[in-house]
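K.L.:
Structure provided below as structure tokens; questions to follow.
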Amino acid sequence: MVAMTSSAPLSWGGFSAAEPAFADTVRERFGLYRHHVLATLRKDGSPRVTGLETDFRFGELLLGMMPDSRKALDLRGDPRFALHANPGPGAEMGDGDVRVSGRAVEITDPALIARFIEEATPPEPFHLFRAELTEVVRVGLDGEALVIRSWRPGQPLRTIRRTGDDAPPTEMS
């Protein structure tokens with residue numbers, strides 16, 4: 001068994017600085033659609049899946065929610081989340097399948113909230129969280145091969161190619 005190194009979660013800006021091209025790819029994929037799928041944990045530990053709009057602003061991945069919504073209350077109780085980019089119509093997913101996970105930290109700084117309101121004009125009132133990332137994954141096709149790219153704080157971007165034959169997956173870093 002290989003020991004895993006772990007690092008503290010990073011903001012979107014930290015991820016983008018570490019892996020700019022991959023961050024651009026992921027952000028573009030989220031930009032294709034307005035609504036995405038957020039997974040949170042209920043008080044009893046069971047998962048909750050719900051729709052969500054994302055916002056990339058101030059070097060952050062921001063998650064906005066209606067006041068006292070179940071997802072906001074879930075994140076206040078347990079900040080762990082997973083966010084899956086809307087796969088879009090059909091089964092082709094030419095732009096790949098993208099998901100991020102980590103911890104959501106509620107933004108309470110009045111100046112930052114005022115700046116967000118000025119720039120984004122969200123319906124008020126609202127809860128605003130910033131994502132601290134622990135993993136970013138993109139799965140896509142390259143010809144007949146399935147290509148999985150994954151990143152974690154403090155680790156290099158990993159690329160694994162899987163082909164339809166019986167050959168084991170190959171890792172390319």
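Every chain in the structure tokens takes a letter, A first, then B, and so on in the order presented; its residues are numbered from 1, and the ligands are numbered from 1 following the presented order.
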Mind checking which residues fall within 6 Å of Val139 (chain A), counting only C-alpha atoms, ignoring those fewer than 6 positions away in the same chain, and posting them as a ChimeraX atom specification?
P.N.:
/A:96-97,147-148
K.L.:
Can you list, as JSON, numbers by chain, all residues belonging to chain A that DSSP tags as strand (DSSP E or B)?
P.N.:
{"A": [10, 35, 36, 37, 38, 39, 40, 41, 47, 48, 49, 50, 51, 52, 53, 54, 55, 56, 57, 60, 61, 62, 63, 64, 65, 80, 81, 82, 83, 84, 97, 98, 99, 100, 101, 102, 103, 104, 105, 106, 127, 128, 129, 130, 131, 132, 133, 134, 135, 136, 137, 138, 139, 140, 141, 142, 145, 146, 147, 148, 149, 150, 151, 158, 159, 160, 161, 162, 170, 171, 172]}
K.L.:
Restricting the output to C-alpha atoms, write the selected residues as a PDB file, in the first residue's frame.
P.N.:
```
ATOM      1  CA  LEU A  10      -6.855  25.202  -1.855  1.00  0.00           C
ATOM      2  CA  HIS A  35     -27.086  24.907 -13.428  1.00  0.00           C
ATOM      3  CA  HIS A  36     -24.973  22.114 -11.937  1.00  0.00           C
ATOM      4  CA  VAL A  37     -25.430  19.367  -9.343  1.00  0.00           C
ATOM      5  CA  LEU A  38     -24.259  19.811  -5.744  1.00  0.00           C
ATOM      6  CA  ALA A  39     -23.937  16.941  -3.277  1.00  0.00           C
ATOM      7  CA  THR A  40     -23.954  17.744   0.445  1.00  0.00           C
ATOM      8  CA  LEU A  41     -24.301  15.687   3.618  1.00  0.00           C
ATOM      9  CA  PRO A  47     -26.238  12.434   0.836  1.00  0.00           C
ATOM     10  CA  ARG A  48     -28.409  15.191  -0.585  1.00  0.00           C
ATOM     11  CA  VAL A  49     -28.187  16.137  -4.261  1.00  0.00           C
ATOM     12  CA  THR A  50     -29.559  19.436  -5.488  1.00  0.00           C
ATOM     13  CA  GLY A  51     -29.212  21.972  -8.280  1.00  0.00           C
ATOM     14  CA  LEU A  52     -26.898  24.952  -7.944  1.00  0.00           C
ATOM     15  CA  GLU A  53     -25.507  27.868  -9.911  1.00  0.00           C
ATOM     16  CA  THR A  54     -21.783  28.520  -9.621  1.00  0.00           C
ATOM     17  CA  ASP A  55     -19.825  31.740  -9.965  1.00  0.00           C
ATOM     18  CA  PHE A  56     -16.111  32.166 -10.606  1.00  0.00           C
ATOM     19  CA  ARG A  57     -15.201  35.541  -9.168  1.00  0.00           C
ATOM     20  CA  GLU A  60     -12.750  31.885  -6.059  1.00  0.00           C
ATOM     21  CA  LEU A  61     -15.311  29.263  -6.996  1.00  0.00           C
ATOM     22  CA  LEU A  62     -18.425  30.654  -5.301  1.00  0.00           C
ATOM     23  CA  LEU A  63     -21.607  28.788  -4.407  1.00  0.00           C
ATOM     24  CA  GLY A  64     -24.678  30.938  -3.813  1.00  0.00           C
ATOM     25  CA  MET A  65     -27.857  29.676  -2.145  1.00  0.00           C
ATOM     26  CA  ARG A  80     -17.863  18.707   2.647  1.00  0.00           C
ATOM     27  CA  PHE A  81     -19.340  18.818  -0.846  1.00  0.00           C
ATOM     28  CA  ALA A  82     -19.017  17.493  -4.367  1.00  0.00           C
ATOM     29  CA  LEU A  83     -20.026  19.536  -7.397  1.00  0.00           C
ATOM     30  CA  HIS A  84     -20.696  17.927 -10.770  1.00  0.00           C
ATOM     31  CA  ASP A  97     -17.268  15.077 -17.401  1.00  0.00           C
ATOM     32  CA  VAL A  98     -16.034  17.468 -14.697  1.00  0.00           C
ATOM     33  CA  ARG A  99     -16.400  17.415 -10.926  1.00  0.00           C
ATOM     34  CA  VAL A 100     -14.790  19.114  -7.974  1.00  0.00           C
ATOM     35  CA  SER A 101     -14.957  18.339  -4.298  1.00  0.00           C
ATOM     36  CA  GLY A 102     -13.787  19.866  -1.087  1.00  0.00           C
ATOM     37  CA  ARG A 103     -15.087  22.064   1.711  1.00  0.00           C
ATOM     38  CA  ALA A 104     -17.432  25.028   1.466  1.00  0.00           C
ATOM     39  CA  VAL A 105     -16.619  28.007   3.689  1.00  0.00           C
ATOM     40  CA  GLU A 106     -19.390  30.523   4.265  1.00  0.00           C
ATOM     41  CA  HIS A 127     -25.844  32.559   1.543  1.00  0.00           C
ATOM     42  CA  LEU A 128     -22.474  32.675  -0.197  1.00  0.00           C
ATOM     43  CA  PHE A 129     -19.805  30.004   0.168  1.00  0.00           C
ATOM     44  CA  ARG A 130     -16.340  29.717  -1.325  1.00  0.00           C
ATOM     45  CA  ALA A 131     -14.991  26.343  -2.348  1.00  0.00           C
ATOM     46  CA  GLU A 132     -11.792  25.020  -0.839  1.00  0.00           C
ATOM     47  CA  LEU A 133     -10.800  22.253  -3.219  1.00  0.00           C
ATOM     48  CA  THR A 134      -9.534  18.818  -2.262  1.00  0.00           C
ATOM     49  CA  GLU A 135      -9.976  17.194  -5.681  1.00  0.00           C
ATOM     50  CA  VAL A 136     -10.688  18.158  -9.282  1.00  0.00           C
ATOM     51  CA  VAL A 137     -11.423  15.473 -11.904  1.00  0.00           C
ATOM     52  CA  ARG A 138     -12.112  15.539 -15.638  1.00  0.00           C
ATOM     53  CA  VAL A 139     -13.022  12.396 -17.556  1.00  0.00           C
ATOM     54  CA  GLY A 140     -13.123  12.556 -21.336  1.00  0.00           C
ATOM     55  CA  LEU A 141     -12.526  10.612 -24.496  1.00  0.00           C
ATOM     56  CA  ASP A 142      -9.503  10.717 -26.769  1.00  0.00           C
ATOM     57  CA  ALA A 145      -9.371   5.870 -24.913  1.00  0.00           C
ATOM     58  CA  LEU A 146     -10.964   7.117 -21.705  1.00  0.00           C
ATOM     59  CA  VAL A 147      -8.739   9.838 -20.248  1.00  0.00           C
ATOM     60  CA  ILE A 148      -8.998  10.625 -16.542  1.00  0.00           C
ATOM     61  CA  ARG A 149      -7.205  13.733 -15.287  1.00  0.00           C
ATOM     62  CA  SER A 150      -7.189  14.369 -11.555  1.00  0.00           C
ATOM     63  CA  TRP A 151      -5.590  16.891  -9.229  1.00  0.00           C
ATOM     64  CA  ARG A 158      -2.334  12.866 -12.928  1.00  0.00           C
ATOM     65  CA  THR A 159      -3.473  11.552 -16.288  1.00  0.00           C
ATOM     66  CA  ILE A 160      -4.633   7.973 -16.753  1.00  0.00           C
ATOM     67  CA  ARG A 161      -5.586   6.500 -20.149  1.00  0.00           C
ATOM     68  CA  ARG A 162      -7.830   3.462 -20.342  1.00  0.00           C
ATOM     69  CA  THR A 170      -1.497   3.694 -18.243  1.00  0.00           C
ATOM     70  CA  GLU A 171      -0.599   6.629 -16.058  1.00  0.00           C
ATOM     71  CA  MET A 172       1.045   9.640 -17.620  1.00  0.00           C
TER      72      MET A 172
END
```
K.L.:
Can you list, as a ChimeraX atom specification, every protein, DNA or RNA residue that comes within 10 Å of Asp68 (chain A) when you count only C-alpha atoms, leaving out same-chain residues fewer than 6 positions away?
P.N.:
/A:74,76,125-127
K.L.:
Region 1-158 of chain A: which residues are helix (DSSP H, G or I) by DSSP, as a PyMOL selection string?
P.N.:
chain A and resi 12-18+20-31+70-77+110-120
K.L.:
What is the CA of Gln155 (chain A)-CA of Gly13 (chain A) distance in Å, reported with one decimal?
P.N.:
16.0 Å
K.L.:
If I take CA of Val26 (chain A) and CA of Pro9 (chain A), how far is one from the other in Å, to one decimal?
P.N.:
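Computed distance, CA of Val26 (chain A) to CA of Pro9 (chain A), equals 17.2 Å.
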K.L.:
Need to verify the contact set: Ser16 (chain A), 10 Å, only C-alpha atoms, exclusion of same-chain residues closer than 5 positions in sequence. Can you return it as a list in words?
P.N.:
Leu10, Ser11, Ala21, Phe22, Ala23, Asp24, Val26, Arg27, Gly59 and Glu60 of chain A
K.L.:
Convert the current residue selection to file output with all heavy atoms, as a PDB file, in the first residue's frame.
P.N.:
```
ATOM      1  N   LEU A  10      -7.246  23.939  -1.224  1.00  0.00           N
ATOM      2  CA  LEU A  10      -6.855  25.202  -1.855  1.00  0.00           C
ATOM      3  C   LEU A  10      -8.064  25.906  -2.442  1.00  0.00           C
ATOM      4  O   LEU A  10      -9.011  25.270  -2.904  1.00  0.00           O
ATOM      5  CB  LEU A  10      -5.857  24.956  -2.994  1.00  0.00           C
ATOM      6  CG  LEU A  10      -4.420  24.674  -2.631  1.00  0.00           C
ATOM      7  CD1 LEU A  10      -3.585  24.480  -3.900  1.00  0.00           C
ATOM      8  CD2 LEU A  10      -3.822  25.776  -1.798  1.00  0.00           C
ATOM      9  N   SER A  11      -7.995  27.220  -2.479  1.00  0.00           N
ATOM     10  CA  SER A  11      -9.024  28.009  -3.148  1.00  0.00           C
ATOM     11  C   SER A  11      -8.927  27.763  -4.649  1.00  0.00           C
ATOM     12  O   SER A  11      -7.959  27.180  -5.149  1.00  0.00           O
ATOM     13  CB  SER A  11      -8.789  29.498  -2.872  1.00  0.00           C
ATOM     14  OG  SER A  11      -7.595  29.918  -3.534  1.00  0.00           O
ATOM     15  N   ALA A  21      -3.663  25.505 -16.963  1.00  0.00           N
ATOM     16  CA  ALA A  21      -4.356  24.974 -18.145  1.00  0.00           C
ATOM     17  C   ALA A  21      -5.508  24.063 -17.740  1.00  0.00           C
ATOM     18  O   ALA A  21      -6.602  24.134 -18.322  1.00  0.00           O
ATOM     19  CB  ALA A  21      -3.366  24.223 -19.040  1.00  0.00           C
ATOM     20  N   PHE A  22      -5.283  23.205 -16.741  1.00  0.00           N
ATOM     21  CA  PHE A  22      -6.347  22.313 -16.279  1.00  0.00           C
ATOM     22  C   PHE A  22      -7.479  23.125 -15.651  1.00  0.00           C
ATOM     23  O   PHE A  22      -8.655  22.856 -15.899  1.00  0.00           O
ATOM     24  CB  PHE A  22      -5.772  21.289 -15.296  1.00  0.00           C
ATOM     25  CG  PHE A  22      -6.734  20.191 -14.915  1.00  0.00           C
ATOM     26  CD1 PHE A  22      -7.516  19.544 -15.859  1.00  0.00           C
ATOM     27  CD2 PHE A  22      -6.848  19.779 -13.598  1.00  0.00           C
ATOM     28  CE1 PHE A  22      -8.394  18.526 -15.504  1.00  0.00           C
ATOM     29  CE2 PHE A  22      -7.717  18.765 -13.227  1.00  0.00           C
ATOM     30  CZ  PHE A  22      -8.489  18.131 -14.190  1.00  0.00           C
ATOM     31  N   ALA A  23      -7.139  24.136 -14.874  1.00  0.00           N
ATOM     32  CA  ALA A  23      -8.164  24.993 -14.259  1.00  0.00           C
ATOM     33  C   ALA A  23      -8.989  25.686 -15.336  1.00  0.00           C
ATOM     34  O   ALA A  23     -10.215  25.789 -15.207  1.00  0.00           O
ATOM     35  CB  ALA A  23      -7.517  26.017 -13.329  1.00  0.00           C
ATOM     36  N   ASP A  24      -8.354  26.155 -16.394  1.00  0.00           N
ATOM     37  CA  ASP A  24      -9.096  26.792 -17.492  1.00  0.00           C
ATOM     38  C   ASP A  24     -10.070  25.812 -18.134  1.00  0.00           C
ATOM     39  O   ASP A  24     -11.221  26.157 -18.424  1.00  0.00           O
ATOM     40  CB  ASP A  24      -8.139  27.338 -18.556  1.00  0.00           C
ATOM     41  CG  ASP A  24      -7.396  28.584 -18.118  1.00  0.00           C
ATOM     42  OD1 ASP A  24      -7.774  29.199 -17.090  1.00  0.00           O
ATOM     43  OD2 ASP A  24      -6.421  28.955 -18.809  1.00  0.00           O
ATOM     44  N   VAL A  26     -11.462  23.162 -16.760  1.00  0.00           N
ATOM     45  CA  VAL A  26     -12.553  22.875 -15.827  1.00  0.00           C
ATOM     46  C   VAL A  26     -13.526  24.056 -15.771  1.00  0.00           C
ATOM     47  O   VAL A  26     -14.747  23.882 -15.833  1.00  0.00           O
ATOM     48  CB  VAL A  26     -11.984  22.538 -14.431  1.00  0.00           C
ATOM     49  CG1 VAL A  26     -13.085  22.465 -13.386  1.00  0.00           C
ATOM     50  CG2 VAL A  26     -11.213  21.228 -14.487  1.00  0.00           C
ATOM     51  N   ARG A  27     -12.998  25.262 -15.689  1.00  0.00           N
ATOM     52  CA  ARG A  27     -13.856  26.449 -15.627  1.00  0.00           C
ATOM     53  C   ARG A  27     -14.692  26.589 -16.899  1.00  0.00           C
ATOM     54  O   ARG A  27     -15.886  26.897 -16.836  1.00  0.00           O
ATOM     55  CB  ARG A  27     -13.004  27.691 -15.401  1.00  0.00           C
ATOM     56  CG  ARG A  27     -13.840  28.938 -15.253  1.00  0.00           C
ATOM     57  CD  ARG A  27     -12.993  30.130 -14.930  1.00  0.00           C
ATOM     58  NE  ARG A  27     -13.843  31.316 -14.886  1.00  0.00           N
ATOM     59  CZ  ARG A  27     -13.485  32.449 -14.348  1.00  0.00           C
ATOM     60  NH1 ARG A  27     -12.296  32.574 -13.805  1.00  0.00           N
ATOM     61  NH2 ARG A  27     -14.308  33.467 -14.356  1.00  0.00           N
ATOM     62  N   GLY A  59     -11.107  35.256  -7.868  1.00  0.00           N
ATOM     63  CA  GLY A  59     -10.175  34.143  -7.711  1.00  0.00           C
ATOM     64  C   GLY A  59     -10.752  32.974  -6.938  1.00  0.00           C
ATOM     65  O   GLY A  59     -10.007  32.136  -6.433  1.00  0.00           O
ATOM     66  N   GLU A  60     -12.066  32.925  -6.845  1.00  0.00           N
ATOM     67  CA  GLU A  60     -12.750  31.885  -6.059  1.00  0.00           C
ATOM     68  C   GLU A  60     -13.810  31.185  -6.901  1.00  0.00           C
ATOM     69  O   GLU A  60     -14.338  31.755  -7.848  1.00  0.00           O
ATOM     70  CB  GLU A  60     -13.460  32.514  -4.846  1.00  0.00           C
ATOM     71  CG  GLU A  60     -12.584  33.299  -3.914  1.00  0.00           C
ATOM     72  CD  GLU A  60     -11.732  32.439  -2.993  1.00  0.00           C
ATOM     73  OE1 GLU A  60     -11.819  31.198  -3.073  1.00  0.00           O
ATOM     74  OE2 GLU A  60     -10.989  33.024  -2.204  1.00  0.00           O
TER      75      GLU A  60
END
```
